[in-house]
Amino acid sequence: MQVIEFNQLGNPADVLTLKQVPDQSPAAGEVKVRVLATPIHPANLLQIAGQYAAAPPLPSVPGGEGVGQVVELGEGVSHLQVGQNVLLAGVGGTWRSEIVAPAAGFIPAPPGDVEQLSMLAVNPLTAHLMLSDFAELKEGDWIIQNAANSAVGEMVIQLAALKGIKTVNIVRRDDQLLRLKDLGGTVVLLDGPDLVERVAEATGGADIRLAFDCVAGESHERMIETLGYGASIITYGTLSGKQPELNLSAMITKDIRPRGFWLQQWYQTASQEQKQGALGALIPLIASGQIKTKIDSRFPLEEIGDAVTRAAAGGRDGKVLLTPTHH
C-alpha cells in the first residue's frame with residue numbers, strides 16, 4: 001500500500017515522500033479500510049513545517065480525517081461490514097491508500113457525498129462547537145467573524161443561517177463579498193480601520209454576542225470594539241502572524257471575555273458522548289447537502305508535492321483533497 005510520510009520538518013513539498021509499504025491484514029478487533037478521500041488542512045501543512053502548537057513524532061504520516069471503505073474485518077468485529085463506508089475521524093495518519101486500525105476508531109458513514117463527508121471532522125466540527133459551546137445563542141442574535149471566506153468561516157455562515165443567527169463576516173478581498181452573501185451571510189464587509197463604524201451602521205447598532213477570530217493582530221482589536229456587553233471573542237487561529245494589543249478598556253467596561261479554541265485539545269478532553277453528539281448533529285446536515293465545503297481540486301497520492309503546493313496557494317478556491325488511486 002502507499003503511504004505519505006515525512007522524516008524531518010520543513011516545506012511540505014520538499015519533505016513529504018510517497019512510500020510503498022507491505023500490505024497488512026487486520027488482527028483481532030481491527031479492520032482494514034481503503035481510503036477514498038482525505039483533505040489537506042492548513043494545520044497539516046503547519047505541523048509538517050514545524051510551525052504548529054504540537055510537534056509531531058518523526059517519522060509521521062499526516063492527515064486527520066477522511067472517508068474510507070471497509071475491505072477486510074479482523075476476528076471479533078461485528079458492528080462493521082465489508083463494503084461499508086466509514087468516517088476516518090480520530091484515526092490519524094489518513095494520507096495513505098489503506099489503514100489498518102482498531103474497529104472502534106471508525107464511525108459508520110451515512111449515504112451521501114463521500115467527498116463532503118470526508119471533511120466532516122475538522123472544519124464543520126470547529127464551526128459547530130464554537131457556535132454551541134461559548135454562548136446561548138438564539139434566533140435573531142448577532143455574531144461576527146473574520147477570515148469569513150475560510151472553510152471554517154463558510155461553515156459558520158451556513159450553520160448560523162440554519163439556526164436563524166445573523167452574521168457579520170469580515171474578509172480582506174472584495175471578490176469574496178457576493179459569494180458569502182449568497183452563502184447566507186447577513187452582512188459581509190471588507191476589513192479596515194473604520195470597521196467598527198461600518199459594522200454599527202450595517203447592523204443598526206446590534207448587540208453582537210460572540211466573535212470568532214482566526215486572524216489576530218489588528219483584526220482582533222477591531223472586532224473587540226464591535227462587541228456588546230458580556231460578549232466573548234474566541235480565537236482559533238493567527239493567520240496574520242501578529243499578536244493583538246490587549247484592549248483592557250473594552251474588556252473592563254464591556255466585560256469582554258477572551259477565549260481560545262483548539263480542536264485537537266477538544267478531541268483529547270471531550271467524552272465519547274460529547275464526540276458522538278457533536279458529530280451526530282453534523283452528519284445529517286452534510287449527508288443531506290444542507291451544508292457544504294467548497295472543493296478546489298483533487299490529487300492522487302503520487303502527486304503529493306503538487307497537492308500541498310496547491311493547498312498552500314493564496315488563490316485557492318476551496319479545499320484540496322487527496323483521492324488515492326487503488327490498483
# chains A, B, ... in the order shown; residues from 1 in each chain; ligands from 1
$ residues_around --residues "A:Arg310" --least-positions-apart "6" --cutoff "9 Å" --atoms "only C-alpha atoms" --output "VMD selection string"
chain A and resid 296 to 297 316 320
$ write_last_selection --atoms "all heavy atoms" --output "PDB file, in the first residue's frame"
ATOM      1  N   ASP A 296     -11.629  22.776  -4.124  1.00  0.00           N
ATOM      2  CA  ASP A 296     -10.809  23.410  -5.151  1.00  0.00           C
ATOM      3  C   ASP A 296     -10.285  22.391  -6.155  1.00  0.00           C
ATOM      4  O   ASP A 296     -10.392  22.580  -7.367  1.00  0.00           O
ATOM      5  CB  ASP A 296      -9.632  24.136  -4.493  1.00  0.00           C
ATOM      6  CG  ASP A 296      -8.636  24.690  -5.495  1.00  0.00           C
ATOM      7  OD1 ASP A 296      -8.832  25.831  -5.940  1.00  0.00           O
ATOM      8  OD2 ASP A 296      -7.654  23.979  -5.827  1.00  0.00           O
ATOM      9  N   SER A 297      -9.710  21.296  -5.667  1.00  0.00           N
ATOM     10  CA  SER A 297      -9.054  20.342  -6.558  1.00  0.00           C
ATOM     11  C   SER A 297      -8.831  19.022  -5.853  1.00  0.00           C
ATOM     12  O   SER A 297      -8.948  18.920  -4.621  1.00  0.00           O
ATOM     13  CB  SER A 297      -7.714  20.903  -7.048  1.00  0.00           C
ATOM     14  OG  SER A 297      -6.954  21.414  -5.962  1.00  0.00           O
ATOM     15  N   ARG A 316      -6.296  29.827  -3.973  1.00  0.00           N
ATOM     16  CA  ARG A 316      -7.083  28.591  -3.932  1.00  0.00           C
ATOM     17  C   ARG A 316      -8.547  28.899  -3.619  1.00  0.00           C
ATOM     18  O   ARG A 316      -8.855  29.773  -2.822  1.00  0.00           O
ATOM     19  CB  ARG A 316      -6.470  27.678  -2.856  1.00  0.00           C
ATOM     20  CG  ARG A 316      -7.178  26.392  -2.624  1.00  0.00           C
ATOM     21  CD  ARG A 316      -6.381  25.539  -1.647  1.00  0.00           C
ATOM     22  NE  ARG A 316      -5.973  26.265  -0.464  1.00  0.00           N
ATOM     23  CZ  ARG A 316      -6.738  26.491   0.583  1.00  0.00           C
ATOM     24  NH1 ARG A 316      -7.994  26.075   0.585  1.00  0.00           N
ATOM     25  NH2 ARG A 316      -6.278  27.145   1.633  1.00  0.00           N
ATOM     26  N   VAL A 320      -8.386  21.278  -0.874  1.00  0.00           N
ATOM     27  CA  VAL A 320      -7.679  20.314  -1.711  1.00  0.00           C
ATOM     28  C   VAL A 320      -7.845  18.930  -1.078  1.00  0.00           C
ATOM     29  O   VAL A 320      -7.607  18.756   0.117  1.00  0.00           O
ATOM     30  CB  VAL A 320      -6.193  20.668  -1.837  1.00  0.00           C
ATOM     31  CG1 VAL A 320      -5.436  19.585  -2.604  1.00  0.00           C
ATOM     32  CG2 VAL A 320      -6.025  22.026  -2.520  1.00  0.00           C
TER      33      VAL A 320
END
$ residues_around --residues "A:Gln264" --least-positions-apart "5" --cutoff "12 Å" --atoms "only C-alpha atoms" --output "list in words"
Ala43, Asn44, Tyr52, Ala53, Ala54, Gly64, Ala89, Gly90, Gly92, Ala121, Val122, Asn123, Leu125, Thr126, Tyr236, Thr269 and Ala270 of chain A
$ select_by_dssp --residues "stretch 250-326 of chain A" --states "strand (DSSP E)" --output "PDB file with N, CA, C and O atoms, in the first residue's frame"
ATOM      1  N   ARG A 257     -14.906  38.811  27.142  1.00  0.00           N
ATOM      2  CA  ARG A 257     -14.277  37.585  27.637  1.00  0.00           C
ATOM      3  C   ARG A 257     -13.488  36.901  26.522  1.00  0.00           C
ATOM      4  O   ARG A 257     -14.077  36.282  25.638  1.00  0.00           O
ATOM      5  N   PRO A 258     -12.163  37.011  26.557  1.00  0.00           N
ATOM      6  CA  PRO A 258     -11.349  36.338  25.540  1.00  0.00           C
ATOM      7  C   PRO A 258     -11.227  34.842  25.847  1.00  0.00           C
ATOM      8  O   PRO A 258     -10.971  34.447  26.986  1.00  0.00           O
ATOM      9  N   ARG A 259     -11.432  34.030  24.839  1.00  0.00           N
ATOM     10  CA  ARG A 259     -11.312  32.580  24.987  1.00  0.00           C
ATOM     11  C   ARG A 259     -10.502  32.030  23.820  1.00  0.00           C
ATOM     12  O   ARG A 259     -10.366  32.666  22.785  1.00  0.00           O
ATOM     13  N   GLY A 260      -9.980  30.842  23.992  1.00  0.00           N
ATOM     14  CA  GLY A 260      -9.275  30.169  22.912  1.00  0.00           C
ATOM     15  C   GLY A 260      -9.963  28.859  22.575  1.00  0.00           C
ATOM     16  O   GLY A 260     -10.655  28.269  23.417  1.00  0.00           O
ATOM     17  N   ILE A 295     -14.830  22.647  -2.804  1.00  0.00           N
ATOM     18  CA  ILE A 295     -13.643  21.861  -3.163  1.00  0.00           C
ATOM     19  C   ILE A 295     -12.919  22.547  -4.311  1.00  0.00           C
ATOM     20  O   ILE A 295     -13.517  22.865  -5.341  1.00  0.00           O
ATOM     21  N   ASP A 296     -11.629  22.776  -4.124  1.00  0.00           N
ATOM     22  CA  ASP A 296     -10.809  23.410  -5.151  1.00  0.00           C
ATOM     23  C   ASP A 296     -10.285  22.391  -6.155  1.00  0.00           C
ATOM     24  O   ASP A 296     -10.392  22.580  -7.367  1.00  0.00           O
ATOM     25  N   SER A 297      -9.710  21.296  -5.667  1.00  0.00           N
ATOM     26  CA  SER A 297      -9.054  20.342  -6.558  1.00  0.00           C
ATOM     27  C   SER A 297      -8.831  19.022  -5.853  1.00  0.00           C
ATOM     28  O   SER A 297      -8.948  18.920  -4.621  1.00  0.00           O
ATOM     29  N   ARG A 298      -8.484  18.014  -6.651  1.00  0.00           N
ATOM     30  CA  ARG A 298      -8.256  16.657  -6.140  1.00  0.00           C
ATOM     31  C   ARG A 298      -6.962  16.125  -6.740  1.00  0.00           C
ATOM     32  O   ARG A 298      -6.690  16.335  -7.926  1.00  0.00           O
ATOM     33  N   PHE A 299      -6.176  15.415  -5.916  1.00  0.00           N
ATOM     34  CA  PHE A 299      -4.902  14.882  -6.368  1.00  0.00           C
ATOM     35  C   PHE A 299      -4.739  13.446  -5.890  1.00  0.00           C
ATOM     36  O   PHE A 299      -5.130  13.119  -4.756  1.00  0.00           O
ATOM     37  N   LYS A 319     -11.190  23.545  -0.658  1.00  0.00           N
ATOM     38  CA  LYS A 319     -10.293  22.539  -0.099  1.00  0.00           C
ATOM     39  C   LYS A 319      -9.608  21.727  -1.188  1.00  0.00           C
ATOM     40  O   LYS A 319     -10.173  21.479  -2.248  1.00  0.00           O
ATOM     41  N   VAL A 320      -8.386  21.278  -0.874  1.00  0.00           N
ATOM     42  CA  VAL A 320      -7.679  20.314  -1.711  1.00  0.00           C
ATOM     43  C   VAL A 320      -7.845  18.930  -1.078  1.00  0.00           C
ATOM     44  O   VAL A 320      -7.607  18.756   0.117  1.00  0.00           O
ATOM     45  N   LEU A 321      -8.265  17.973  -1.896  1.00  0.00           N
ATOM     46  CA  LEU A 321      -8.477  16.606  -1.416  1.00  0.00           C
ATOM     47  C   LEU A 321      -7.431  15.664  -2.011  1.00  0.00           C
ATOM     48  O   LEU A 321      -7.043  15.815  -3.174  1.00  0.00           O
ATOM     49  N   LEU A 322      -7.001  14.696  -1.207  1.00  0.00           N
ATOM     50  CA  LEU A 322      -6.239  13.563  -1.709  1.00  0.00           C
ATOM     51  C   LEU A 322      -7.212  12.431  -1.968  1.00  0.00           C
ATOM     52  O   LEU A 322      -8.002  12.059  -1.069  1.00  0.00           O
TER      53      LEU A 322
END
$ residues_around --residues "A:Pro42" --least-positions-apart "2" --cutoff "12 Å" --atoms "only C-alpha atoms" --output "PyMOL selection string"
chain A and resi 12+39-40+44-49+51-52+62-64+122-123+150-152+237-239+308-314+318-320
$ write_last_selection --atoms "N, CA, C and O atoms" --output "tab-separated table (two decimals), in the first residue's frame"
chain	number	residue	atom	x	y	z
A	12	PRO	N	6.47	21.39	3.16
A	12	PRO	CA	5.81	20.11	2.84
A	12	PRO	C	6.15	19.56	1.46
A	12	PRO	O	6.32	18.35	1.30
A	39	PRO	N	-8.78	15.19	3.26
A	39	PRO	CA	-8.44	16.58	2.92
A	39	PRO	C	-7.07	17.02	3.42
A	39	PRO	O	-6.50	16.43	4.35
A	40	ILE	N	-6.56	18.08	2.81
A	40	ILE	CA	-5.34	18.76	3.27
A	40	ILE	C	-5.78	20.05	3.96
A	40	ILE	O	-6.39	20.92	3.33
A	44	ASN	N	-2.35	20.78	8.87
A	44	ASN	CA	-1.45	19.72	8.42
A	44	ASN	C	-0.15	20.31	7.90
A	44	ASN	O	0.95	19.84	8.24
A	45	LEU	N	-0.25	21.35	7.08
A	45	LEU	CA	0.93	21.96	6.48
A	45	LEU	C	1.79	22.63	7.54
A	45	LEU	O	3.03	22.54	7.50
A	46	LEU	N	1.16	23.29	8.51
A	46	LEU	CA	1.92	23.92	9.60
A	46	LEU	C	2.66	22.88	10.43
A	46	LEU	O	3.80	23.09	10.84
A	47	GLN	N	2.00	21.76	10.70
A	47	GLN	CA	2.63	20.72	11.50
A	47	GLN	C	3.83	20.12	10.78
A	47	GLN	O	4.89	19.91	11.38
A	48	ILE	N	3.69	19.87	9.47
A	48	ILE	CA	4.80	19.32	8.69
A	48	ILE	C	5.97	20.31	8.68
A	48	ILE	O	7.14	19.92	8.72
A	49	ALA	N	5.66	21.61	8.65
A	49	ALA	CA	6.69	22.64	8.61
A	49	ALA	C	7.30	22.93	9.98
A	49	ALA	O	8.25	23.70	10.08
A	51	GLN	N	5.61	24.39	12.47
A	51	GLN	CA	5.09	25.68	12.93
A	51	GLN	C	3.77	25.55	13.67
A	51	GLN	O	3.04	26.52	13.83
A	52	TYR	N	3.47	24.33	14.13
A	52	TYR	CA	2.19	24.09	14.79
A	52	TYR	C	2.41	23.98	16.29
A	52	TYR	O	3.54	23.79	16.76
A	62	PRO	N	0.85	12.30	7.84
A	62	PRO	CA	-0.13	13.34	8.11
A	62	PRO	C	-1.56	12.87	7.85
A	62	PRO	O	-1.79	11.77	7.34
A	63	GLY	N	-2.49	13.76	8.17
A	63	GLY	CA	-3.91	13.52	7.87
A	63	GLY	C	-4.70	13.16	9.10
A	63	GLY	O	-4.30	12.29	9.87
A	64	GLY	N	-5.85	13.84	9.27
A	64	GLY	CA	-6.65	13.60	10.47
A	64	GLY	C	-8.09	13.23	10.22
A	64	GLY	O	-8.83	12.99	11.17
A	122	VAL	N	-13.24	18.21	11.02
A	122	VAL	CA	-12.36	19.31	11.42
A	122	VAL	C	-13.08	20.65	11.28
A	122	VAL	O	-13.47	21.26	12.27
A	123	ASN	N	-13.28	21.12	10.06
A	123	ASN	CA	-13.85	22.47	9.90
A	123	ASN	C	-15.32	22.57	10.29
A	123	ASN	O	-15.69	23.48	11.05
A	150	SER	N	-12.79	31.53	4.86
A	150	SER	CA	-12.09	30.28	5.13
A	150	SER	C	-13.10	29.14	5.20
A	150	SER	O	-14.32	29.36	5.24
A	151	ALA	N	-12.59	27.90	5.22
A	151	ALA	CA	-13.50	26.75	5.30
A	151	ALA	C	-14.32	26.79	6.59
A	151	ALA	O	-15.53	26.50	6.57
A	152	VAL	N	-13.70	27.16	7.71
A	152	VAL	CA	-14.45	27.28	8.97
A	152	VAL	C	-15.43	28.43	8.87
A	152	VAL	O	-16.59	28.31	9.27
A	237	GLY	N	-7.10	30.90	15.61
A	237	GLY	CA	-6.03	30.94	14.63
A	237	GLY	C	-5.34	32.29	14.65
A	237	GLY	O	-5.85	33.25	15.23
A	238	THR	N	-4.18	32.36	14.00
A	238	THR	CA	-3.40	33.61	13.96
A	238	THR	C	-2.85	33.80	12.54
A	238	THR	O	-1.64	33.84	12.33
A	239	LEU	N	-3.75	33.92	11.56
A	239	LEU	CA	-3.33	33.99	10.17
A	239	LEU	C	-2.41	35.17	9.88
A	239	LEU	O	-1.55	35.10	9.00
A	308	VAL	N	0.14	19.63	-2.01
A	308	VAL	CA	0.40	20.52	-0.87
A	308	VAL	C	0.77	21.92	-1.35
A	308	VAL	O	0.48	22.91	-0.66
A	309	THR	N	1.38	22.02	-2.53
A	309	THR	CA	1.67	23.35	-3.09
A	309	THR	C	0.36	24.07	-3.40
A	309	THR	O	0.21	25.27	-3.10
A	310	ARG	N	-0.60	23.36	-3.98
A	310	ARG	CA	-1.89	23.96	-4.26
A	310	ARG	C	-2.62	24.32	-2.97
A	310	ARG	O	-3.26	25.39	-2.88
A	311	ALA	N	-2.55	23.45	-1.98
A	311	ALA	CA	-3.24	23.71	-0.71
A	311	ALA	C	-2.70	24.95	-0.01
A	311	ALA	O	-3.42	25.61	0.74
A	312	ALA	N	-1.43	25.29	-0.26
A	312	ALA	CA	-0.82	26.46	0.37
A	312	ALA	C	-0.98	27.72	-0.48
A	312	ALA	O	-0.62	28.81	-0.02
A	313	ALA	N	-1.53	27.60	-1.69
A	313	ALA	CA	-1.61	28.73	-2.61
A	313	ALA	C	-2.65	29.75	-2.16
A	313	ALA	O	-3.72	29.39	-1.67
A	314	GLY	N	-2.33	31.02	-2.36
A	314	GLY	CA	-3.23	32.09	-1.93
A	314	GLY	C	-4.51	32.17	-2.74
A	314	GLY	O	-5.53	32.55	-2.21
A	318	GLY	N	-11.27	26.83	-2.22
A	318	GLY	CA	-11.85	25.66	-1.58
A	318	GLY	C	-10.76	24.70	-1.10
A	318	GLY	O	-9.56	24.99	-1.15
A	319	LYS	N	-11.19	23.55	-0.66
A	319	LYS	CA	-10.29	22.54	-0.10
A	319	LYS	C	-9.61	21.73	-1.19
A	319	LYS	O	-10.17	21.48	-2.25
A	320	VAL	N	-8.39	21.28	-0.87
A	320	VAL	CA	-7.68	20.31	-1.71
A	320	VAL	C	-7.85	18.93	-1.08
A	320	VAL	O	-7.61	18.76	0.12
$ residues_around --residues "A:Val67" --least-positions-apart "2" --cutoff "7 Å" --atoms "only C-alpha atoms" --output "PDB file with C-alpha atoms, in the first residue's frame"
ATOM      1  CA  VAL A  35      -9.072   5.432   1.873  1.00  0.00           C
ATOM      2  CA  LEU A  36     -11.415   7.124  -0.625  1.00  0.00           C
ATOM      3  CA  ALA A  37     -10.854  10.825   0.166  1.00  0.00           C
ATOM      4  CA  THR A  38      -8.881  12.783   2.777  1.00  0.00           C
ATOM      5  CA  ASN A  85     -18.126   3.349   4.103  1.00  0.00           C
ATOM      6  CA  VAL A  86     -16.711   4.722   7.357  1.00  0.00           C
ATOM      7  CA  LEU A  87     -15.557   8.114   8.658  1.00  0.00           C
ATOM      8  CA  LEU A  88     -11.854   8.329   9.466  1.00  0.00           C
ATOM      9  CA  VAL A 114     -18.191  10.872   0.062  1.00  0.00           C
ATOM     10  CA  LEU A 117     -18.321  13.563   4.425  1.00  0.00           C
ATOM     11  CA  SER A 118     -14.520  13.252   4.269  1.00  0.00           C
TER      12      SER A 118
END
$ residues_around --residues "A:Phe6" --least-positions-apart "4" --cutoff "7 Å" --atoms "only C-alpha atoms" --output "MDAnalysis selection string"
chainID A and resid 15:17 59:61
$ write_last_selection --atoms "N, CA and C atoms" --output "PDB file, in the first residue's frame"
ATOM      1  N   VAL A  15       9.638  17.829   1.944  1.00  0.00           N
ATOM      2  CA  VAL A  15       9.933  16.771   2.925  1.00  0.00           C
ATOM      3  C   VAL A  15       8.979  15.587   2.850  1.00  0.00           C
ATOM      4  N   LEU A  16       7.836  15.735   2.173  1.00  0.00           N
ATOM      5  CA  LEU A  16       6.897  14.621   2.073  1.00  0.00           C
ATOM      6  C   LEU A  16       7.345  13.636   0.996  1.00  0.00           C
ATOM      7  N   THR A  17       7.276  12.357   1.294  1.00  0.00           N
ATOM      8  CA  THR A  17       7.634  11.323   0.325  1.00  0.00           C
ATOM      9  C   THR A  17       6.534  10.271   0.259  1.00  0.00           C
ATOM     10  N   PRO A  59       9.421   9.338  12.258  1.00  0.00           N
ATOM     11  CA  PRO A  59       8.650   9.735  11.070  1.00  0.00           C
ATOM     12  C   PRO A  59       7.159   9.787  11.370  1.00  0.00           C
ATOM     13  N   SER A  60       6.418  10.504  10.522  1.00  0.00           N
ATOM     14  CA  SER A  60       4.991  10.693  10.767  1.00  0.00           C
ATOM     15  C   SER A  60       4.219  10.673   9.453  1.00  0.00           C
ATOM     16  N   VAL A  61       2.978  10.189   9.536  1.00  0.00           N
ATOM     17  CA  VAL A  61       2.054  10.206   8.400  1.00  0.00           C
ATOM     18  C   VAL A  61       0.994  11.268   8.687  1.00  0.00           C
TER      19      VAL A  61
END
$ select_by_dssp --residues "stretch 187-265 of chain A" --states "helix (DSSP H, G or I)" --output "NGL selection string"
:A and (195-203 or 217-226 or 248-253 or 263-265)
$ closest_residue --among "A:Cys214, A:Leu177, A:Val156, A:Val187" --to "A:Ala202" --atoms "only C-alpha atoms"
A:Val187
$ closest_residue --among "A:Gln274, A:Thr94, A:Thr203, A:Ser219" --to "A:Gly140" --atoms "only C-alpha atoms"
A:Thr203
$ decode --residues "stretch 102-115 of chain A" --atoms "N, CA, C and O atoms" --output "CSV table (one decimal), in the first residue's frame"
chain,number,residue,atom,x,y,z
A,102,PRO,N,-7.8,-0.3,15.0
A,102,PRO,CA,-8.9,-0.8,15.8
A,102,PRO,C,-10.3,-0.4,15.2
A,102,PRO,O,-10.5,0.8,14.9
A,103,ALA,N,-11.2,-1.4,15.2
A,103,ALA,CA,-12.5,-1.1,14.6
A,103,ALA,C,-13.3,0.0,15.4
A,103,ALA,O,-14.1,0.7,14.8
A,104,ALA,N,-13.0,0.1,16.7
A,104,ALA,CA,-13.7,1.1,17.5
A,104,ALA,C,-13.4,2.6,17.0
A,104,ALA,O,-14.2,3.5,17.3
A,105,GLY,N,-12.3,2.8,16.3
A,105,GLY,CA,-12.0,4.1,15.8
A,105,GLY,C,-12.7,4.6,14.6
A,105,GLY,O,-12.6,5.7,14.2
A,106,PHE,N,-13.5,3.7,14.0
A,106,PHE,CA,-14.2,4.0,12.7
A,106,PHE,C,-15.7,4.2,13.0
A,106,PHE,O,-16.3,3.4,13.7
A,107,ILE,N,-16.2,5.3,12.4
A,107,ILE,CA,-17.7,5.6,12.6
A,107,ILE,C,-18.4,5.3,11.3
A,107,ILE,O,-17.9,5.7,10.2
A,108,PRO,N,-19.4,4.5,11.3
A,108,PRO,CA,-20.2,4.2,10.0
A,108,PRO,C,-20.6,5.5,9.3
A,108,PRO,O,-21.1,6.4,10.0
A,109,ALA,N,-20.4,5.6,8.1
A,109,ALA,CA,-20.8,6.8,7.3
A,109,ALA,C,-22.2,6.6,6.7
A,109,ALA,O,-22.5,5.6,6.2
A,110,PRO,N,-23.0,7.7,6.8
A,110,PRO,CA,-24.3,7.6,6.2
A,110,PRO,C,-24.2,7.7,4.6
A,110,PRO,O,-23.2,8.1,4.1
A,111,PRO,N,-25.3,7.3,3.9
A,111,PRO,CA,-25.3,7.6,2.5
A,111,PRO,C,-25.1,9.1,2.2
A,111,PRO,O,-25.6,9.9,3.0
A,112,GLY,N,-24.4,9.5,1.2
A,112,GLY,CA,-24.2,10.9,0.9
A,112,GLY,C,-22.9,11.1,0.2
A,112,GLY,O,-22.2,10.1,-0.1
A,113,ASP,N,-22.6,12.3,-0.1
A,113,ASP,CA,-21.4,12.7,-0.9
A,113,ASP,C,-20.2,12.3,-0.1
A,113,ASP,O,-19.9,12.9,1.0
A,114,VAL,N,-19.4,11.4,-0.6
A,114,VAL,CA,-18.2,10.9,0.1
A,114,VAL,C,-17.2,12.0,0.3
A,114,VAL,O,-16.6,12.1,1.4
A,115,GLU,N,-17.0,12.9,-0.7
A,115,GLU,CA,-16.0,13.9,-0.5
A,115,GLU,C,-16.4,14.9,0.6
A,115,GLU,O,-15.6,15.4,1.4
